[in-house]
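*Asks:* Structure file final-v7.cif (mmCIF, C-alpha atoms) right here:
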```cif
data_structure
#
loop_
_atom_site.label_atom_id
_atom_site.label_comp_id
_atom_site.auth_asym_id
_atom_site.auth_seq_id
_atom_site.Cartn_x
_atom_site.Cartn_y
_atom_site.Cartn_z
CA MET A 1 25.60 24.67 -3.02
CA SER A 2 22.06 24.76 -4.41
CA LYS A 3 20.69 21.79 -6.29
CA PRO A 4 19.69 21.96 -9.98
CA THR A 5 16.38 23.23 -11.30
CA VAL A 6 13.31 20.98 -11.40
CA LEU A 7 10.14 21.86 -13.30
CA LEU A 8 6.94 20.70 -11.60
CA THR A 9 3.47 20.49 -13.12
CA GLY A 10 0.36 20.18 -10.97
CA ALA A 11 2.03 21.93 -8.03
CA ASN A 12 -1.29 23.19 -6.67
CA GLY A 13 -2.74 19.68 -6.48
CA PHE A 14 -2.70 17.22 -3.58
CA LEU A 15 0.47 15.36 -4.59
CA GLY A 16 2.12 18.34 -6.30
CA SER A 17 1.81 20.63 -3.29
CA HIS A 18 3.58 18.11 -1.03
CA LEU A 19 6.24 17.57 -3.68
CA LEU A 20 6.82 21.29 -4.08
CA GLU A 21 7.38 21.76 -0.36
CA ALA A 22 9.73 18.77 -0.17
CA LEU A 23 11.77 19.87 -3.20
CA ILE A 24 12.22 23.36 -1.75
CA LYS A 25 13.28 21.91 1.60
CA GLN A 26 15.80 19.68 -0.19
CA GLY A 27 17.38 22.73 -1.83
CA TYR A 28 16.12 22.29 -5.39
CA GLN A 29 15.31 25.33 -7.50
CA VAL A 30 11.69 24.76 -8.56
CA VAL A 31 9.82 26.09 -11.57
CA VAL A 32 6.04 25.59 -11.61
CA LEU A 33 3.71 25.46 -14.60
CA LYS A 34 0.16 26.48 -13.69
CA ARG A 35 -2.88 28.33 -14.97
CA SER A 36 -3.61 31.94 -14.08
CA THR A 37 -6.88 30.71 -12.56
CA SER A 38 -5.29 27.96 -10.44
CA ASN A 39 -6.37 27.78 -6.80
CA LEU A 40 -3.13 28.00 -4.80
CA TRP A 41 -4.49 27.46 -1.28
CA ARG A 42 -2.31 24.38 -0.74
CA ILE A 43 0.93 26.26 -1.51
CA GLU A 44 0.19 29.78 -0.22
CA HIS A 45 2.80 29.36 2.53
CA LEU A 46 5.48 28.72 -0.14
CA ALA A 47 4.92 31.99 -2.03
CA GLY A 48 8.19 33.54 -3.19
CA GLN A 49 10.14 30.30 -2.84
CA TYR A 50 9.54 29.06 -6.40
CA LYS A 51 9.19 30.54 -9.87
CA SER A 52 5.95 30.07 -11.80
CA TYR A 53 4.63 30.46 -15.34
CA ASP A 54 0.98 30.69 -16.38
CA VAL A 55 0.63 28.36 -19.36
CA ASP A 56 -2.66 29.95 -20.41
CA SER A 57 -1.04 33.36 -20.90
CA GLN A 58 2.69 32.65 -21.40
CA PRO A 59 4.43 30.42 -23.95
CA LEU A 60 5.17 27.05 -22.36
CA GLU A 61 8.72 27.11 -23.71
CA GLN A 62 9.49 30.33 -21.83
CA ALA A 63 10.13 28.35 -18.65
CA PHE A 64 12.76 26.30 -20.48
CA GLU A 65 14.33 29.31 -22.19
CA GLU A 66 14.85 31.32 -19.02
CA GLN A 67 16.62 28.63 -16.97
CA ARG A 68 18.29 25.29 -17.50
CA ILE A 69 15.77 22.60 -16.49
CA TYR A 70 17.44 19.48 -15.13
CA CYS A 71 14.34 17.33 -14.63
CA VAL A 72 10.58 17.54 -15.13
CA ILE A 73 8.20 16.01 -12.58
CA HIS A 74 4.78 15.72 -14.18
CA THR A 75 1.86 15.37 -11.76
CA ALA A 76 -0.83 17.47 -13.49
CA CYS A 77 -3.90 15.47 -14.46
CA HIS A 78 -7.65 15.63 -15.01
CA TYR A 79 -9.80 12.91 -13.44
CA GLY A 80 -13.00 13.81 -15.26
CA ARG A 81 -15.14 13.12 -12.20
CA ASN A 82 -17.78 15.74 -13.01
CA GLY A 83 -18.88 14.47 -16.39
CA ASP A 84 -16.37 16.66 -18.22
CA PRO A 85 -16.04 16.18 -22.00
CA VAL A 86 -13.62 13.48 -23.13
CA SER A 87 -11.77 16.09 -25.21
CA GLN A 88 -11.05 18.09 -22.05
CA ILE A 89 -9.66 15.04 -20.27
CA VAL A 90 -7.49 14.13 -23.26
CA GLU A 91 -6.26 17.72 -23.54
CA SER A 92 -5.12 17.71 -19.91
CA ASN A 93 -3.78 14.18 -19.60
CA LEU A 94 -2.31 13.64 -23.05
CA MET A 95 -1.89 16.80 -25.12
CA PHE A 96 -0.55 19.03 -22.34
CA GLY A 97 1.90 16.32 -21.32
CA LEU A 98 3.07 15.99 -24.93
CA ARG A 99 3.67 19.74 -25.16
CA VAL A 100 5.80 19.59 -22.01
CA LEU A 101 7.62 16.54 -23.43
CA ASP A 102 8.28 18.37 -26.73
CA ALA A 103 9.87 21.22 -24.79
CA CYS A 104 11.97 18.73 -22.82
CA LEU A 105 13.30 17.21 -26.04
CA LYS A 106 13.96 20.61 -27.62
CA PHE A 107 15.86 21.94 -24.59
CA GLU A 108 17.59 18.62 -23.81
CA VAL A 109 16.15 18.03 -20.36
CA GLU A 110 17.81 14.98 -18.81
CA THR A 111 14.88 13.23 -17.09
CA PHE A 112 11.08 13.13 -17.21
CA ILE A 113 9.39 11.66 -14.12
CA ASN A 114 5.78 10.84 -14.91
CA THR A 115 2.92 10.23 -12.49
CA ASP A 116 0.84 7.25 -13.58
CA THR A 117 -2.02 5.37 -11.93
CA PHE A 118 -2.35 1.85 -10.51
CA PHE A 119 -5.58 1.56 -12.53
CA ASN A 120 -3.34 0.86 -15.54
CA ASN A 121 -1.69 -2.18 -13.96
CA LYS A 122 -2.23 -5.28 -16.09
CA ASN A 123 -3.83 -7.24 -13.26
CA PHE A 124 -6.37 -4.53 -12.41
CA ASN A 125 -9.99 -5.05 -13.39
CA GLN A 126 -10.36 -3.31 -16.74
CA LYS A 127 -13.99 -2.39 -16.15
CA TYR A 128 -12.57 0.68 -14.37
CA LEU A 129 -10.80 1.80 -17.54
CA GLY A 130 -12.27 5.12 -18.62
CA ALA A 131 -11.18 8.33 -20.34
CA TYR A 132 -8.85 9.18 -17.45
CA THR A 133 -6.94 5.89 -17.39
CA LEU A 134 -6.94 5.53 -21.18
CA SER A 135 -5.45 8.99 -21.68
CA LYS A 136 -2.83 8.28 -18.99
CA LYS A 137 -1.95 4.98 -20.66
CA GLN A 138 -1.58 6.61 -24.07
CA PHE A 139 0.77 9.25 -22.64
CA VAL A 140 3.01 6.54 -21.18
CA GLU A 141 3.17 4.92 -24.62
CA TRP A 142 4.44 8.21 -26.05
CA LEU A 143 7.00 8.43 -23.25
CA GLN A 144 8.23 4.93 -24.10
CA LEU A 145 8.54 5.96 -27.74
CA THR A 146 10.76 8.94 -26.87
CA SER A 147 12.79 7.31 -24.09
CA GLU A 148 15.79 6.93 -26.41
CA ARG A 149 16.07 10.71 -26.38
CA ILE A 150 15.22 11.44 -22.73
CA GLN A 151 15.36 9.35 -19.58
CA VAL A 152 11.83 8.45 -18.45
CA VAL A 153 10.73 7.19 -15.03
CA ASN A 154 7.06 6.19 -14.84
CA LEU A 155 5.64 5.95 -11.32
CA LYS A 156 2.36 4.06 -10.89
CA LEU A 157 0.93 5.39 -7.65
CA GLN A 158 -1.23 3.27 -5.40
CA HIS A 159 -4.02 4.75 -3.25
CA ILE A 160 -2.54 7.89 -1.65
CA TYR A 161 -3.97 9.55 1.42
CA GLY A 162 -2.94 12.44 3.68
CA PRO A 163 -3.45 16.12 4.50
CA LYS A 164 -4.74 18.58 1.88
CA ASP A 165 -6.55 15.95 -0.18
CA GLU A 166 -9.87 16.78 -1.81
CA GLY A 167 -12.68 16.60 0.75
CA ASN A 168 -14.95 14.65 -1.61
CA LYS A 169 -12.52 11.73 -1.96
CA PHE A 170 -13.25 8.55 -0.04
CA ILE A 171 -10.65 8.72 2.74
CA PRO A 172 -11.00 12.45 3.60
CA TRP A 173 -14.78 11.99 3.55
CA ILE A 174 -14.60 9.03 5.95
CA VAL A 175 -12.24 10.93 8.25
CA LEU A 176 -14.68 13.86 8.32
CA GLN A 177 -17.55 11.53 9.25
CA LEU A 178 -15.49 10.12 12.12
CA LYS A 179 -14.47 13.58 13.33
CA GLN A 180 -18.12 14.58 13.37
CA ASN A 181 -18.92 11.43 15.35
CA VAL A 182 -21.87 10.48 13.16
CA ASP A 183 -24.05 7.57 14.29
CA SER A 184 -23.43 5.53 11.15
CA VAL A 185 -21.86 5.70 7.70
CA LYS A 186 -23.50 3.86 4.83
CA LEU A 187 -20.88 1.82 2.99
CA THR A 188 -20.68 -1.32 0.90
CA SER A 189 -19.29 -4.53 2.41
CA GLY A 190 -15.84 -3.07 1.69
CA GLN A 191 -14.19 -6.21 0.36
CA GLN A 192 -12.34 -4.34 -2.41
CA LYS A 193 -8.60 -4.43 -1.82
CA ARG A 194 -6.29 -1.44 -2.18
CA ASP A 195 -2.70 -0.60 -1.32
CA PHE A 196 -3.03 2.53 0.84
CA ILE A 197 0.11 4.66 1.08
CA PHE A 198 0.67 7.90 3.00
CA ILE A 199 1.57 11.00 1.00
CA ASP A 200 4.97 11.51 2.69
CA ASP A 201 6.06 8.03 1.61
CA VAL A 202 5.07 8.78 -1.99
CA VAL A 203 7.05 12.03 -1.92
CA SER A 204 10.09 10.16 -0.61
CA ALA A 205 9.94 7.89 -3.67
CA TYR A 206 10.18 10.90 -6.01
CA LEU A 207 13.13 12.28 -4.03
CA ILE A 208 14.96 8.95 -4.19
CA ILE A 209 14.42 8.80 -7.97
CA LEU A 210 15.86 12.32 -8.30
CA GLU A 211 18.92 11.48 -6.23
CA ARG A 212 19.64 8.15 -7.92
CA LYS A 213 18.38 8.61 -11.47
CA SER A 214 21.90 8.13 -12.85
CA LEU A 215 21.58 4.46 -11.86
CA LEU A 216 18.39 3.95 -13.88
CA ALA A 217 17.82 2.85 -17.46
CA ASN A 218 16.40 5.09 -20.20
CA PHE A 219 12.91 3.84 -19.34
CA SER A 220 12.05 2.64 -15.82
CA GLU A 221 8.67 1.90 -14.29
CA TYR A 222 7.80 1.39 -10.62
CA ASP A 223 4.72 0.79 -8.52
CA VAL A 224 4.72 3.19 -5.58
CA GLY A 225 2.92 1.64 -2.63
CA THR A 226 3.46 -0.27 0.58
CA GLY A 227 3.40 -3.61 -1.25
CA LYS A 228 0.52 -4.80 0.94
CA LYS A 229 -3.14 -4.64 0.01
CA GLN A 230 -5.94 -4.52 2.53
CA THR A 231 -9.70 -4.36 2.25
CA LEU A 232 -11.51 -1.06 2.43
CA LYS A 233 -13.34 -2.46 5.46
CA SER A 234 -10.12 -3.08 7.42
CA PHE A 235 -8.76 0.32 6.46
CA VAL A 236 -11.90 2.10 7.62
CA LYS A 237 -11.77 0.13 10.88
CA SER A 238 -8.19 1.33 11.38
CA LEU A 239 -9.29 4.91 10.85
#
```
Could you write out this file's structure as structure tokens?
*Replies:*
Amino acid sequence: MSKPTVLLTGANGFLGSHLLEALIKQGYQVVVLKRSTSNLWRIEHLAGQYKSYDVDSQPLEQAFEEQRIYCVIHTACHYGRNGDPVSQIVESNLMFGLRVLDACLKFEVETFINTDTFFNNKNFNQKYLGAYTLSKKQFVEWLQLTSERIQVVNLKLQHIYGPKDEGNKFIPWIVLQLKQNVDSVKLTSGQQKRDFIFIDDVVSAYLIILERKSLLANFSEYDVGTGKKQTLKSFVKSL
């Protein structure tokens, strides 16, 4: 017996691509929202195993009209690393999420699993708060406001690493330097502490939430990490 239908945003991203593969392997029917211009290199091997809609050329609600969506897993985001306009970051991280949420409420989707960031934890240094984290925080506030009408699970992810990550991120970049056996890598003293968690462990958290969501309240929030922080220096030494 096949499992119910899950709608996934950001399926072509680092986290989303691993989630898509895991959901398919677990027997879920998966619907993907993407752009017609999305680069699908991470999920090419899964072609034909999921259904997709291009939100830039098809009405967003079409995905909800054509099949009964049981749960939405929202991973799509915009980091704004390249000096992109604030309006573009807000459009991706807040407005797009709200449009998906509106469709969930209209079509009575049971659960909305949101992907949040550890940068929004209360004990994190707020000097890192920028357009990305602010827009993510505002979206969570909207989710809290609507959680009487739809079950919401907000997952604050710690520092994820693993295959298929962007090559310009810190960990893939360090790994590349080590593979190339460079003489030295210029770094800071590396005393900043992070909770590093492997991508497969993060995916397992989403799967557990899906399987046990009936045990959760209307609004639940979890940190997804190992529970242990280490310095960047010690992590690089381990690598």
*Asks:* Apply the PyMOL selection byres ((chain A and resi 212-219) around 7) to the file shown and report the selected residues as a short mmCIF file (atom, residue, chain, number, x, y, z; two decimals) with C-alpha atoms, keeping the file's coordinate frame.
*Replies:*
```
data_model
loop_
_atom_site.label_atom_id
_atom_site.label_comp_id
_atom_site.auth_asym_id
_atom_site.auth_seq_id
_atom_site.Cartn_x
_atom_site.Cartn_y
_atom_site.Cartn_z
CA GLN A 144 8.23 4.93 -24.10
CA SER A 147 12.79 7.31 -24.09
CA GLU A 148 15.79 6.93 -26.41
CA ILE A 150 15.22 11.44 -22.73
CA GLN A 151 15.36 9.35 -19.58
CA VAL A 152 11.83 8.45 -18.45
CA VAL A 153 10.73 7.19 -15.03
CA ILE A 208 14.96 8.95 -4.19
CA ILE A 209 14.42 8.80 -7.97
CA LEU A 210 15.86 12.32 -8.30
CA GLU A 211 18.92 11.48 -6.23
CA SER A 220 12.05 2.64 -15.82
CA GLU A 221 8.67 1.90 -14.29
#
```
*Asks:* Step by step, work through what the PyMOL selection byres ((chain A and resi 52) around 7) selects in the shown file, and finish by giving those residues as a PyMOL selection string.
*Replies:* chain A and resi 31-33+50-51+53-54
*Asks:* Identify which of the residues A:Ile160, A:Ala47, A:Cys77, A:Ala131 lies closest to Pro172 in chain A, counting all atoms listed in the file when measuring atom-to-atom distances.
*Replies:*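 Ranked by minimum distance to Pro172 in chain A, first place goes to A:Ile160.
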*Asks:* Apply the PyMOL selection byres ((chain A and resi 203) around 12) to the displayed file and report the matching residues as number ranges by chain.
*Replies:* A: 14-23, 26, 73, 75, 115, 155, 157, 160-162, 197-202, 204-210, 224-225
*Asks:* Report, in Å to a single decimal, how far apart CA of Ser184 in chain A and CA of Lys237 in chain A are.
*Replies:* 12.9 Å
*Asks:* Around (-6.8, 18.0, -18.9) in the file's frame, which residues reach within 12 Å when counting only C-alpha atoms? Return as a PyMOL selection string?
*Replies:* chain A and resi 10+35+75-81+84-98+131-132+135-136
*Asks:* Pull C-alpha atoms from the residues just selected and write them as an mmCIF file, in the coordinates of the input.
*Replies:*
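Writing done, so here's again_19.cif:
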```cif
data_model
loop_
_atom_site.group_PDB
_atom_site.id
_atom_site.type_symbol
_atom_site.label_atom_id
_atom_site.label_comp_id
_atom_site.auth_asym_id
_atom_site.auth_seq_id
_atom_site.Cartn_x
_atom_site.Cartn_y
_atom_site.Cartn_z
ATOM 1 C CA GLY A 10 0.360 20.180 -10.970
ATOM 2 C CA ARG A 35 -2.880 28.330 -14.970
ATOM 3 C CA THR A 75 1.860 15.370 -11.760
ATOM 4 C CA ALA A 76 -0.830 17.470 -13.490
ATOM 5 C CA CYS A 77 -3.900 15.470 -14.460
ATOM 6 C CA HIS A 78 -7.650 15.630 -15.010
ATOM 7 C CA TYR A 79 -9.800 12.910 -13.440
ATOM 8 C CA GLY A 80 -13.000 13.810 -15.260
ATOM 9 C CA ARG A 81 -15.140 13.120 -12.200
ATOM 10 C CA ASP A 84 -16.370 16.660 -18.220
ATOM 11 C CA PRO A 85 -16.040 16.180 -22.000
ATOM 12 C CA VAL A 86 -13.620 13.480 -23.130
ATOM 13 C CA SER A 87 -11.770 16.090 -25.210
ATOM 14 C CA GLN A 88 -11.050 18.090 -22.050
ATOM 15 C CA ILE A 89 -9.660 15.040 -20.270
ATOM 16 C CA VAL A 90 -7.490 14.130 -23.260
ATOM 17 C CA GLU A 91 -6.260 17.720 -23.540
ATOM 18 C CA SER A 92 -5.120 17.710 -19.910
ATOM 19 C CA ASN A 93 -3.780 14.180 -19.600
ATOM 20 C CA LEU A 94 -2.310 13.640 -23.050
ATOM 21 C CA MET A 95 -1.890 16.800 -25.120
ATOM 22 C CA PHE A 96 -0.550 19.030 -22.340
ATOM 23 C CA GLY A 97 1.900 16.320 -21.320
ATOM 24 C CA LEU A 98 3.070 15.990 -24.930
ATOM 25 C CA ALA A 131 -11.180 8.330 -20.340
ATOM 26 C CA TYR A 132 -8.850 9.180 -17.450
ATOM 27 C CA SER A 135 -5.450 8.990 -21.680
ATOM 28 C CA LYS A 136 -2.830 8.280 -18.990
#
```
*Asks:* Quick one: pull the distance between CA of Lys156 in chain A and CA of Asp223 in chain A, Å, one decimal.
*Replies:*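 About the pair CA of Lys156 in chain A and CA of Asp223 in chain A: they are 4.7 Å apart.
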*Asks:* Taking 2 positions as the minimum chain separation for residues in the same chain, which residues sit within 12 Å of Ala63 in chain A when counting all atoms listed in the file? Answer as a ChimeraX atom specification.
*Replies:* /A:5-9,30-34,51-55,58-61,65-69,72,100,103-104,107
*Asks:* Give me the residues within 9 Å of Val140 in chain A as a ChimeraX atom specification, counting all atoms listed in the file and dropping any in the same chain fewer than 5 places off.
*Replies:* /A:114,116,135,145,154
*Asks:* Go ahead and save the residues from that selection, with C-alpha atoms, as a PDB file, in the coordinates of the input.
*Replies:*
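The resulting file, out_29.pdb, is reproduced below:
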```
ATOM      1  CA  ASN A 114       5.780  10.840 -14.910  1.00  0.00           C
ATOM      2  CA  ASP A 116       0.840   7.250 -13.580  1.00  0.00           C
ATOM      3  CA  SER A 135      -5.450   8.990 -21.680  1.00  0.00           C
ATOM      4  CA  LEU A 145       8.540   5.960 -27.740  1.00  0.00           C
ATOM      5  CA  ASN A 154       7.060   6.190 -14.840  1.00  0.00           C
TER       6      ASN A 154
END
```
*Asks:* Can you tell me how far CA of Ile174 in chain A sits from CA of Glu44 in chain A, in Å to one decimal?
*Replies:*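 These two atoms are separated by 26.2 Å.
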*Asks:* Quick one: of A:Arg149, A:Lys137, A:Lys25, A:His159, who's nearest to Gly227 in chain A, counting all atoms listed in the file?
*Replies:* A:His159
*Asks:* Find the residues near Pro4 in chain A: any atom within 8 Å, counting all atoms listed in the file, skip ones fewer than 5 places away on the same chain, and give them as a PyMOL selection string.
*Replies:* chain A and resi 28-29+69-70
*Asks:* With C-alpha atoms retained, write the just-selected residues as a CSV table (one decimal), in the frame of the given file.
*Replies:*
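Final output, selection_25.csv:
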```
chain,number,residue,atom,x,y,z
A,28,TYR,CA,16.1,22.3,-5.4
A,29,GLN,CA,15.3,25.3,-7.5
A,69,ILE,CA,15.8,22.6,-16.5
A,70,TYR,CA,17.4,19.5,-15.1
```
*Asks:* Just write range 177-190 of chain A with N, CA, C and O atoms, as a JSON list (two decimals), in the first residue's frame, taken from the block above.
*Replies:*
```
[["chain", "number", "residue", "atom", "x", "y", "z"],
["A", 177, "GLN", "N", 39.93, 21.48, -0.62],
["A", 177, "GLN", "CA", 41.33, 21.84, -0.37],
["A", 177, "GLN", "C", 42.12, 20.62, 0.10],
["A", 177, "GLN", "O", 43.25, 20.39, -0.33],
["A", 178, "LEU", "N", 41.52, 19.82, 0.97],
["A", 178, "LEU", "CA", 42.19, 18.63, 1.48],
["A", 178, "LEU", "C", 42.40, 17.59, 0.39],
["A", 178, "LEU", "O", 43.44, 16.94, 0.32],
["A", 179, "LYS", "N", 41.38, 17.43, -0.46],
["A", 179, "LYS", "CA", 41.50, 16.47, -1.57],
["A", 179, "LYS", "C", 42.62, 16.87, -2.53],
["A", 179, "LYS", "O", 43.28, 16.02, -3.11],
["A", 180, "GLN", "N", 42.79, 18.17, -2.68],
["A", 180, "GLN", "CA", 43.82, 18.67, -3.59],
["A", 180, "GLN", "C", 45.19, 18.72, -2.91],
["A", 180, "GLN", "O", 46.19, 19.08, -3.55],
["A", 181, "ASN", "N", 45.21, 18.39, -1.62],
["A", 181, "ASN", "CA", 46.47, 18.30, -0.87],
["A", 181, "ASN", "C", 47.26, 19.60, -0.93],
["A", 181, "ASN", "O", 48.48, 19.61, -1.16],
["A", 182, "VAL", "N", 46.56, 20.72, -0.73],
["A", 182, "VAL", "CA", 47.24, 22.02, -0.75],
["A", 182, "VAL", "C", 48.19, 22.13, 0.44],
["A", 182, "VAL", "O", 48.02, 21.47, 1.47],
["A", 183, "ASP", "N", 49.19, 23.00, 0.31],
["A", 183, "ASP", "CA", 50.19, 23.15, 1.37],
["A", 183, "ASP", "C", 49.60, 23.77, 2.63],
["A", 183, "ASP", "O", 49.96, 23.41, 3.75],
["A", 184, "SER", "N", 48.72, 24.73, 2.45],
["A", 184, "SER", "CA", 48.10, 25.39, 3.60],
["A", 184, "SER", "C", 46.77, 26.00, 3.20],
["A", 184, "SER", "O", 46.52, 26.27, 2.02],
["A", 185, "VAL", "N", 45.91, 26.20, 4.21],
["A", 185, "VAL", "CA", 44.62, 26.84, 4.00],
["A", 185, "VAL", "C", 44.50, 27.99, 5.00],
["A", 185, "VAL", "O", 44.63, 27.77, 6.21],
["A", 186, "LYS", "N", 44.30, 29.18, 4.49],
["A", 186, "LYS", "CA", 44.23, 30.35, 5.37],
["A", 186, "LYS", "C", 42.85, 30.41, 6.05],
["A", 186, "LYS", "O", 41.83, 30.55, 5.39],
["A", 187, "LEU", "N", 42.87, 30.28, 7.37],
["A", 187, "LEU", "CA", 41.63, 30.32, 8.15],
["A", 187, "LEU", "C", 41.82, 31.23, 9.35],
["A", 187, "LEU", "O", 42.95, 31.61, 9.70],
["A", 188, "THR", "N", 40.72, 31.55, 10.01],
["A", 188, "THR", "CA", 40.80, 32.27, 11.28],
["A", 188, "THR", "C", 41.24, 31.28, 12.36],
["A", 188, "THR", "O", 41.51, 30.11, 12.07],
["A", 189, "SER", "N", 41.24, 31.72, 13.60],
["A", 189, "SER", "CA", 41.62, 30.82, 14.70],
["A", 189, "SER", "C", 40.60, 29.71, 14.89],
["A", 189, "SER", "O", 40.88, 28.70, 15.54],
["A", 190, "GLY", "N", 39.39, 29.87, 14.33],
["A", 190, "GLY", "CA", 38.40, 28.80, 14.33],
["A", 190, "GLY", "C", 37.80, 28.47, 15.69],
["A", 190, "GLY", "O", 37.44, 27.33, 15.95]]
```
